[in-house]
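J.: Contents of start.cif (mmCIF, C-alpha atoms) are given next:
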data_start
loop_
_atom_site.label_atom_id
_atom_site.label_comp_id
_atom_site.auth_asym_id
_atom_site.auth_seq_id
_atom_site.Cartn_x
_atom_site.Cartn_y
_atom_site.Cartn_z
CA MET A 450 109.50 68.94 89.42
CA SER A 451 107.84 71.09 92.09
CA ILE A 452 106.69 74.55 90.96
CA VAL A 453 104.23 77.21 92.10
CA ARG A 454 100.92 77.44 90.27
CA SER A 455 97.71 79.32 91.02
CA LEU A 456 93.97 79.02 90.60
CA TRP A 457 91.00 81.35 90.99
CA TRP A 458 88.00 81.25 93.30
CA SER A 459 85.29 83.61 94.53
CA ALA A 460 83.72 84.37 97.88
CA ARG A 461 80.57 86.21 98.85
CA THR A 462 81.26 88.99 101.35
CA ALA A 463 79.33 91.83 102.99
CA GLY A 464 77.65 94.50 100.87
CA GLU A 465 75.10 94.77 98.11
CA ALA A 466 75.66 93.35 94.63
CA PRO A 467 77.79 93.87 92.67
CA PHE A 468 80.01 95.15 95.51
CA ASP A 469 79.81 91.97 97.55
CA THR A 470 82.23 89.57 95.91
CA ALA A 471 85.90 88.84 96.50
CA HIS A 472 87.94 87.23 93.75
CA LEU A 473 90.67 84.98 95.14
CA LYS A 474 93.98 83.94 93.68
CA VAL A 475 95.37 80.83 95.37
CA TYR A 476 99.08 80.04 94.97
CA TYR A 477 100.14 76.49 95.76
CA PRO A 478 103.12 74.11 95.43
CA ALA A 479 102.39 72.02 92.35
CA ILE A 480 104.03 69.20 90.53
CA SER A 481 104.72 69.13 86.81
CA THR A 482 104.20 65.72 85.21
CA GLY A 483 103.95 66.63 81.53
CA SER A 484 100.50 65.06 81.34
CA ASP A 485 97.87 65.75 78.70
CA THR A 486 95.67 67.28 81.40
CA GLU A 487 98.32 69.90 82.13
CA ARG A 488 98.82 70.61 78.45
CA LEU A 489 95.14 70.96 77.63
CA SER A 490 93.82 72.68 80.76
CA GLY A 491 96.77 74.46 82.31
CA VAL A 492 95.81 72.92 85.67
CA PHE A 493 98.62 71.32 87.64
CA ALA A 494 98.08 68.96 90.55
CA PRO A 495 99.31 70.04 93.99
CA ASP A 496 102.60 68.51 95.03
CA PRO A 497 101.62 65.74 97.47
CA ALA A 498 105.07 65.60 99.08
CA ALA A 499 104.38 68.05 101.92
CA ALA A 500 100.57 68.09 101.93
CA PRO A 501 98.47 69.16 103.73
CA TYR A 502 99.85 72.67 103.42
CA PRO A 503 99.43 75.49 105.94
CA VAL A 504 97.38 78.39 104.58
CA VAL A 505 98.57 82.00 104.44
CA LEU A 506 95.87 84.62 103.80
CA PHE A 507 97.39 87.93 102.68
CA LEU A 508 95.40 91.18 102.77
CA SER A 509 96.21 94.02 100.36
CA GLY A 510 96.51 97.72 100.95
CA VAL A 511 93.71 100.06 99.84
CA ASN A 512 93.46 100.29 96.04
CA VAL A 513 96.42 97.93 95.62
CA GLY A 514 95.57 95.03 93.32
CA GLN A 515 96.37 91.53 94.48
CA ASP A 516 98.65 90.95 91.50
CA SER A 517 100.97 93.60 92.95
CA TYR A 518 101.90 90.93 95.51
CA ARG A 519 102.38 88.09 93.01
CA ARG A 520 106.16 87.89 93.43
CA PHE A 521 105.89 88.06 97.22
CA ALA A 522 103.13 85.42 97.35
CA THR A 523 105.07 83.14 95.02
CA ALA A 524 108.19 83.42 97.17
CA ILE A 525 106.21 82.32 100.23
CA ALA A 526 104.35 79.53 98.42
CA GLU A 527 107.53 77.96 97.06
CA THR A 528 108.70 77.36 100.64
CA GLY A 529 105.74 75.11 101.42
CA PHE A 530 102.56 77.15 101.86
CA VAL A 531 99.28 77.80 100.09
CA VAL A 532 99.01 81.58 99.80
CA VAL A 533 95.69 83.32 99.20
CA THR A 534 95.26 86.90 97.98
CA PHE A 535 92.07 88.60 96.84
CA ASP A 536 90.55 91.64 95.16
CA ARG A 537 87.30 93.11 96.42
CA VAL A 538 85.74 96.29 94.99
CA ALA A 539 83.42 97.87 97.55
CA GLU A 540 82.76 101.06 99.48
CA LEU A 541 85.80 102.83 100.90
CA PHE A 542 84.47 105.96 102.58
CA GLY A 543 82.38 108.97 101.66
CA GLY A 544 80.58 107.02 98.94
CA GLN A 545 83.78 106.17 97.09
CA ARG A 546 84.36 102.70 95.66
CA GLY A 547 87.68 100.99 95.31
CA LEU A 548 89.77 97.96 96.18
CA THR A 549 89.36 97.26 99.87
CA VAL A 550 89.65 94.24 102.13
CA GLY A 551 86.55 95.54 103.92
CA VAL A 552 86.67 97.45 107.19
CA ASP A 553 83.97 97.61 109.85
CA LEU A 554 84.66 101.16 111.06
CA ASP A 555 82.19 100.83 113.93
CA ALA A 556 84.25 97.93 115.27
CA ALA A 557 87.24 100.32 115.52
CA ARG A 558 85.43 102.91 117.66
CA PRO A 559 86.17 103.19 121.40
CA GLU A 560 82.90 101.58 122.50
CA ALA A 561 83.38 98.48 120.32
CA TYR A 562 87.08 97.93 119.69
CA GLY A 563 88.23 94.49 120.79
CA THR A 564 84.77 92.93 120.71
CA ARG A 565 84.86 91.72 117.08
CA PRO A 566 87.10 91.78 114.00
CA THR A 567 87.50 95.08 112.20
CA CYS A 568 87.71 93.03 108.99
CA PRO A 569 84.78 90.57 108.75
CA THR A 570 85.91 89.65 105.23
CA ILE A 571 88.61 87.44 106.77
CA GLY A 572 85.99 84.94 107.90
CA ALA A 573 84.35 84.87 104.47
CA ILE A 574 87.67 84.21 102.74
CA LEU A 575 88.62 81.45 105.16
CA ALA A 576 85.23 79.84 104.54
CA ALA A 577 85.87 79.96 100.80
CA VAL A 578 89.28 78.37 101.30
CA ALA A 579 87.54 75.57 103.22
CA GLU A 580 85.37 75.01 100.13
CA LEU A 581 88.53 74.55 98.08
CA ASN A 582 89.64 71.87 100.50
CA ASP A 583 86.47 69.93 99.68
CA GLN A 584 86.50 70.16 95.89
CA GLY A 585 88.67 70.78 92.87
CA PRO A 586 92.39 70.24 92.43
CA LEU A 587 93.29 71.30 95.99
CA ALA A 588 90.82 68.97 97.73
CA GLY A 589 92.33 67.50 100.87
CA THR A 590 95.64 69.38 100.56
CA LEU A 591 94.99 72.35 102.87
CA ASP A 592 95.62 72.34 106.60
CA LEU A 593 92.89 74.66 107.86
CA ASP A 594 94.09 74.35 111.45
CA ARG A 595 97.41 75.99 110.56
CA VAL A 596 96.62 79.45 109.22
CA ALA A 597 98.61 82.68 109.11
CA LEU A 598 97.27 86.14 108.39
CA GLY A 599 99.51 88.61 106.60
CA GLY A 600 98.96 92.05 105.21
CA HIS A 601 100.36 95.23 103.74
CA SER A 602 99.45 98.75 104.90
CA ALA A 603 95.73 98.90 105.79
CA GLY A 604 95.49 95.17 105.14
CA GLY A 605 98.13 94.58 107.79
CA THR A 606 96.38 96.92 110.20
CA VAL A 607 93.07 95.05 110.09
CA VAL A 608 94.93 91.76 110.48
CA LEU A 609 96.50 93.10 113.67
CA GLN A 610 93.06 94.25 114.83
CA SER A 611 91.28 90.98 114.01
CA ALA A 612 93.51 87.89 114.26
CA ARG A 613 92.50 86.56 117.66
CA PHE A 614 88.87 86.17 116.58
CA PHE A 615 89.87 83.33 114.23
CA PRO A 616 91.02 80.30 116.27
CA SER A 617 92.98 78.66 113.44
CA VAL A 618 95.37 81.62 113.14
CA ARG A 619 98.78 80.72 114.55
CA ALA A 620 100.94 83.55 113.20
CA VAL A 621 100.57 87.12 111.92
CA PHE A 622 102.92 89.18 109.76
CA ALA A 623 102.63 92.61 108.18
CA TRP A 624 104.62 95.17 106.20
CA GLY A 625 104.10 98.90 106.65
CA ALA A 626 101.23 98.40 109.11
CA HIS A 627 100.46 99.62 112.61
CA THR A 628 97.56 99.99 115.04
CA MET A 629 97.61 103.77 115.41
CA VAL A 630 94.00 104.86 115.00
CA ALA A 631 92.36 107.85 113.31
CA THR A 632 91.00 110.61 115.52
CA MET A 633 87.83 110.70 113.36
CA LEU A 634 86.81 107.44 115.02
CA GLY A 635 86.74 109.11 118.43
CA TRP A 636 90.19 108.30 119.78
CA PRO A 637 92.65 110.82 121.29
CA ALA A 638 95.51 111.96 119.06
CA GLY A 639 98.45 109.54 118.93
CA THR A 640 96.52 106.51 120.22
CA VAL A 641 98.03 103.11 119.46
CA LEU A 642 95.40 100.44 119.94
CA PRO A 643 96.26 97.10 121.54
CA ALA A 644 96.63 94.49 118.82
CA GLN A 645 94.01 91.76 118.85
CA VAL A 646 96.45 88.88 118.56
CA ASP A 647 97.26 85.85 120.67
CA CYS A 648 100.02 84.42 118.47
CA PRO A 649 103.52 85.41 117.32
CA VAL A 650 103.77 88.57 115.17
CA LEU A 651 106.37 89.68 112.62
CA LEU A 652 106.28 93.38 111.69
CA GLY A 653 108.31 94.89 108.87
CA VAL A 654 108.86 98.49 107.81
CA GLY A 655 111.25 100.48 105.65
CA THR A 656 113.06 103.59 106.82
CA ASN A 657 111.81 105.51 103.74
CA ASP A 658 108.10 104.87 104.32
CA GLY A 659 106.53 108.05 102.97
CA VAL A 660 102.94 106.79 103.04
CA ILE A 661 102.88 106.31 106.81
CA LYS A 662 104.55 109.69 107.23
CA GLY A 663 102.06 111.29 104.85
CA SER A 664 99.14 109.97 106.92
CA ALA A 665 100.22 111.49 110.24
CA ASP A 666 97.44 114.07 110.34
CA ARG A 667 94.84 111.28 110.41
CA TYR A 668 96.16 110.42 113.83
CA GLY A 669 96.51 114.01 115.07
CA GLU A 670 100.30 114.03 114.72
CA ASP A 671 103.15 115.72 112.88
CA GLY A 672 104.78 113.32 110.42
CA ASP A 673 108.21 114.90 110.84
CA LEU A 674 108.31 114.70 114.63
CA ARG A 675 106.48 111.59 115.73
CA PRO A 676 108.03 108.19 116.52
CA ASP A 677 107.52 105.50 113.89
CA PRO A 678 103.99 104.04 114.35
CA VAL A 679 105.19 100.55 113.39
CA ALA A 680 107.86 100.58 116.10
CA ARG A 681 105.30 101.97 118.56
CA THR A 682 102.93 99.14 117.65
CA PHE A 683 105.70 96.60 118.23
CA ASP A 684 106.71 98.12 121.57
CA GLU A 685 103.30 99.10 122.95
CA ALA A 686 100.49 97.18 121.26
CA LEU A 687 101.55 93.52 121.32
CA PRO A 688 101.05 91.17 124.25
CA PRO A 689 104.16 89.34 125.47
CA GLY A 690 105.22 86.72 122.95
CA GLU A 691 107.65 85.59 120.26
CA HIS A 692 107.32 88.80 118.27
CA LEU A 693 109.89 90.19 115.83
CA LEU A 694 110.45 93.56 114.17
CA ALA A 695 112.34 93.95 110.88
CA VAL A 696 113.42 97.45 109.83
CA VAL A 697 114.80 97.47 106.29
CA PRO A 698 117.10 100.47 105.68
CA GLU A 699 116.20 102.60 102.64
CA ALA A 700 113.08 100.57 101.76
CA ASN A 701 109.74 102.30 101.36
CA HIS A 702 106.06 101.58 102.00
CA PHE A 703 105.57 99.69 98.74
CA GLY A 704 108.85 97.82 99.07
CA ILE A 705 107.25 94.35 98.96
CA ALA A 706 104.83 95.15 96.12
CA ASP A 707 104.99 95.97 92.43
CA VAL A 708 103.66 99.52 92.38
CA ASP A 709 100.81 100.55 90.10
CA PRO A 710 101.45 104.26 89.48
CA THR A 711 97.82 104.84 88.42
CA ALA A 712 96.26 103.92 91.77
CA ALA A 713 96.73 103.99 95.56
CA ARG A 714 99.10 106.45 97.26
CA ALA A 715 102.56 105.48 96.07
CA PHE A 716 103.05 109.12 95.05
CA LEU A 717 103.55 109.86 98.77
CA ASP A 718 106.26 107.28 99.19
CA GLY A 719 109.93 107.85 99.83
CA PRO A 720 112.66 106.52 97.56
CA ASP A 721 112.97 102.74 97.34
CA ASP A 722 116.72 102.28 97.53
CA ALA A 723 116.64 98.73 98.87
CA ASP A 724 115.17 95.41 97.79
CA ALA A 725 112.70 94.79 100.61
CA LEU A 726 110.69 92.11 98.83
CA ALA A 727 113.35 89.41 98.80
CA PRO A 728 114.61 89.84 102.39
CA PHE A 729 111.15 90.28 103.89
CA ALA A 730 109.92 87.21 102.00
CA ARG A 731 112.85 85.22 103.47
CA LEU A 732 112.09 86.50 106.96
CA SER A 733 108.37 85.83 106.55
CA SER A 734 109.03 82.31 105.30
CA ALA A 735 111.34 81.50 108.22
CA PHE A 736 108.79 82.98 110.62
CA LEU A 737 105.92 80.97 109.12
CA ARG A 738 107.92 77.74 108.93
CA THR A 739 108.76 78.20 112.59
CA HIS A 740 105.27 78.88 113.88
CA LEU A 741 103.11 76.97 111.39
CA GLY A 742 105.51 74.19 110.54
CA GLY A 743 107.47 73.73 113.77
CA SER A 744 110.73 73.75 111.82
CA ALA A 745 113.85 73.73 114.00
CA THR A 746 115.90 74.83 110.99
CA ALA A 747 113.66 77.86 110.46
CA ARG A 748 113.87 78.75 114.14
CA THR A 749 117.65 78.67 113.84
CA GLU A 750 117.41 80.98 110.81
CA LEU A 751 115.38 83.47 112.85
CA ALA A 752 117.95 83.30 115.65
CA GLU A 753 120.73 84.00 113.15
CA PHE A 754 118.82 86.97 111.69
CA THR A 755 118.31 88.28 115.22
CA ALA A 756 121.98 87.86 116.13
CA ALA A 757 122.92 89.76 112.96
CA GLY A 758 120.66 92.65 113.93
CA VAL A 759 118.20 92.07 111.06
CA LEU A 760 115.40 91.28 113.51
CA ARG A 761 114.59 92.79 116.88
CA PRO A 762 112.76 90.57 119.35
CA GLN A 763 110.33 91.77 121.97
CA LEU A 764 112.47 92.02 125.09
CA SER A 765 110.00 93.16 127.70
CA GLU A 766 106.32 93.43 128.38
CA PRO A 767 104.63 96.17 126.32
CA GLU A 768 103.52 99.42 127.84
CA GLN A 769 99.84 99.92 128.55
CA CYS A 770 98.01 101.59 125.69
#
Could I get this structure in the form of structure tokens?
T.:
Amino acid sequence: MSIVRSLWWSARTAGEAPFDTAHLKVYYPAISTGSDTERLSGVFAPDPAAAPYPVVLFLSGVNVGQDSYRRFATAIAETGFVVVTFDRVAELFGGQRGLTVGVDLDAARPEAYGTRPTCPTIGAILAAVAELNDQGPLAGTLDLDRVALGGHSAGGTVVLQSARFFPSVRAVFAWGAHTMVATMLGWPAGTVLPAQVDCPVLLGVGTNDGVIKGSADRYGEDGDLRPDPVARTFDEALPPGEHLLAVVPEANHFGIADVDPTAARAFLDGPDDADALAPFARLSSAFLRTHLGGSATARTELAEFTAAGVLRPQLSEPEQC
């Protein structure tokens, strides 16, 4: 019987100890055999049926623990992917420490943007995943040439700003993320940066996203009057390609996560009157199976979602940013 199991790993990242380590949780399709090894260790072998598996690296929002995405990651993994999440406690800004994927702010300034990733941690995590493909229970079961980057909130933003610098990345998806940039970094108010992607992108957002609205002043805007930054990113920041936008009515910023009320900024969010996790997981799976797996069935699913108005494709070349 095929199930989803997980294991733990660590990766060294930028920074000084002890704020230089990422702790990974790796979800994978496994097979249950009822063996003594399973009973005594809790370790299940990967299901060999569809190996090697494409890898999906998912980046969290600021101060959002990776376990908040457990249900979402499991839903993706059970459709034939190895999904990697991670926690990394390091410097945020102004001397604060917290959960962060790691942002190179200098790489997001006008003189440097587009020359390197804004999230160098991505490379360190992918290197750690390559180690897992050489040892342990997942050895030889990961397809490191078929990688997708996903993210939520700030994690999705740095994915959009960094993906093209990693040649194995074939698809990008994000929820509640955009490329509008803070004026404190030296950009004019309302600037939407061109996404650093050269592969298909799926963006998702809820109509009750209070966190994006509550951050408008960072970008020199009025949250009540401005156009949605996610829609602007879709229309203005992406190069021509097979890109899709999903707007989930009545979902909020944390719609795909299990909210921790003691951390992050969920207190800014609008009401969550829709189940965004399940539909966005289905859309993400179909998107990933299309672009990482070459599935004709998944491509048909995306076409049906588009025909039903669930997805909006990119219809014309984006405006110049």
J.: Enter the distance from atom CA of Phe530 of chain A to atom CA of Asp721 of chain A, in Å, rounded to one decimal.
T.: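 Calculated distance between atom CA of Phe530 of chain A and atom CA of Asp721 of chain A is 28.0 Å.
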J.: Quick one: residues within 9 Å of Asp707 of chain A, only C-alpha atoms counted, chain neighbours fewer than 6 positions away excluded, as a PyMOL selection string?
T.: chain A and resi 516-520
J.: Near segment 618-631 of chain A, counting all atoms listed in the file, which residues have an atom at most 6 Å away, once you skip same-chain residues fewer than 6 positions from it, shown as an mmCIF file with C-alpha atoms, in the coordinates of the input?
T.:
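Contents of selection.cif, freshly written:
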data_model
loop_
_atom_site.group_PDB
_atom_site.id
_atom_site.type_symbol
_atom_site.label_atom_id
_atom_site.label_comp_id
_atom_site.auth_asym_id
_atom_site.auth_seq_id
_atom_site.Cartn_x
_atom_site.Cartn_y
_atom_site.Cartn_z
ATOM 1 C CA VAL A 596 96.620 79.450 109.220
ATOM 2 C CA ALA A 597 98.610 82.680 109.110
ATOM 3 C CA LEU A 598 97.270 86.140 108.390
ATOM 4 C CA GLY A 599 99.510 88.610 106.600
ATOM 5 C CA GLY A 600 98.960 92.050 105.210
ATOM 6 C CA HIS A 601 100.360 95.230 103.740
ATOM 7 C CA SER A 602 99.450 98.750 104.900
ATOM 8 C CA GLY A 605 98.130 94.580 107.790
ATOM 9 C CA THR A 606 96.380 96.920 110.200
ATOM 10 C CA THR A 640 96.520 106.510 120.220
ATOM 11 C CA VAL A 641 98.030 103.110 119.460
ATOM 12 C CA LEU A 642 95.400 100.440 119.940
ATOM 13 C CA CYS A 648 100.020 84.420 118.470
ATOM 14 C CA PRO A 649 103.520 85.410 117.320
ATOM 15 C CA VAL A 650 103.770 88.570 115.170
ATOM 16 C CA LEU A 651 106.370 89.680 112.620
ATOM 17 C CA LEU A 652 106.280 93.380 111.690
ATOM 18 C CA GLY A 653 108.310 94.890 108.870
ATOM 19 C CA VAL A 654 108.860 98.490 107.810
ATOM 20 C CA ARG A 667 94.840 111.280 110.410
ATOM 21 C CA TYR A 668 96.160 110.420 113.830
ATOM 22 C CA PRO A 678 103.990 104.040 114.350
ATOM 23 C CA VAL A 679 105.190 100.550 113.390
ATOM 24 C CA THR A 682 102.930 99.140 117.650
ATOM 25 C CA HIS A 702 106.060 101.580 102.000
#
J.: Rank nothing, just name the residue among A:Ala725, A:Leu548, A:Val513, A:Gln584 nearest to Asp709 of chain A, using only C-alpha atoms.
T.: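 Of A:Ala725, A:Leu548, A:Val513, A:Gln584, the one nearest Asp709 of chain A is A:Val513, counting only C-alpha atoms.
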J.: Would you write out, as JSON, numbers by chain, every residue that the PyMOL selection byres ((chain A and resi 469) around 10) captures in this file?
T.: {"A": [460, 461, 462, 463, 464, 465, 466, 467, 468, 470, 471, 537, 538, 539, 540, 551]}
J.: What's the 12 Å shell around segment 475-492 of chain A, counting only C-alpha atoms, without same-chain residues fewer than 5 positions away, as a PyMOL selection string?
T.: chain A and resi 450-459+497-507+515-516+518-536+574-575+577-578+581-582+585-587+590-591
J.: Write out as a VMD selection string the residues lying within 9 Å of segment 693-699 of chain A, counting all atoms listed in the file and excluding same-chain residues fewer than 3 positions away.
T.: chain A and resid 649 to 658 679 to 680 683 719 to 725 728 to 729 732 736 755 758 to 763
J.: Any idea what the distance is between atom CA of Tyr562 of chain A and atom CA of Leu687 of chain A?
T.: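 One can read the atom CA of Tyr562 of chain A to atom CA of Leu687 of chain A distance as 15.2 Å.
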J.: Do you have the atom CA of Asp594 of chain A-atom CA of Leu473 of chain A distance handy?
T.: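 Straight-line distance from atom CA of Asp594 of chain A to atom CA of Leu473 of chain A works out to 19.8 Å.
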J.: Can you turn the PyMOL selection byres ((chain A and resi 717) around 7) into a concrete residue list for this file, as an NGL selection string?
T.: :A and (659-660 or 663 or 714-716 or 718-719)
J.: Taking every listed atom of segment 483-487 of chain A and adding 4 Å to each side, what centre and edge lengths in Å (one decimal) does the axis-aligned box have, as JSON?
T.:
{"center_x": 99.8, "center_y": 67.5, "center_z": 80.4, "size_x": 16.3, "size_y": 12.8, "size_z": 11.4}
J.: Step by step, work through what the PyMOL selection byres ((chain A and resi 568) around 6) selects in the shown file, and finish by giving those residues as JSON, numbers by chain.
T.: {"A": [551, 552, 553, 566, 567, 569, 570, 607]}
J.: Between A:Leu674, A:Ala752, A:Pro559, A:Leu609, single out the one closest to Pro637 of chain A, counting only C-alpha atoms.
T.: A:Pro559
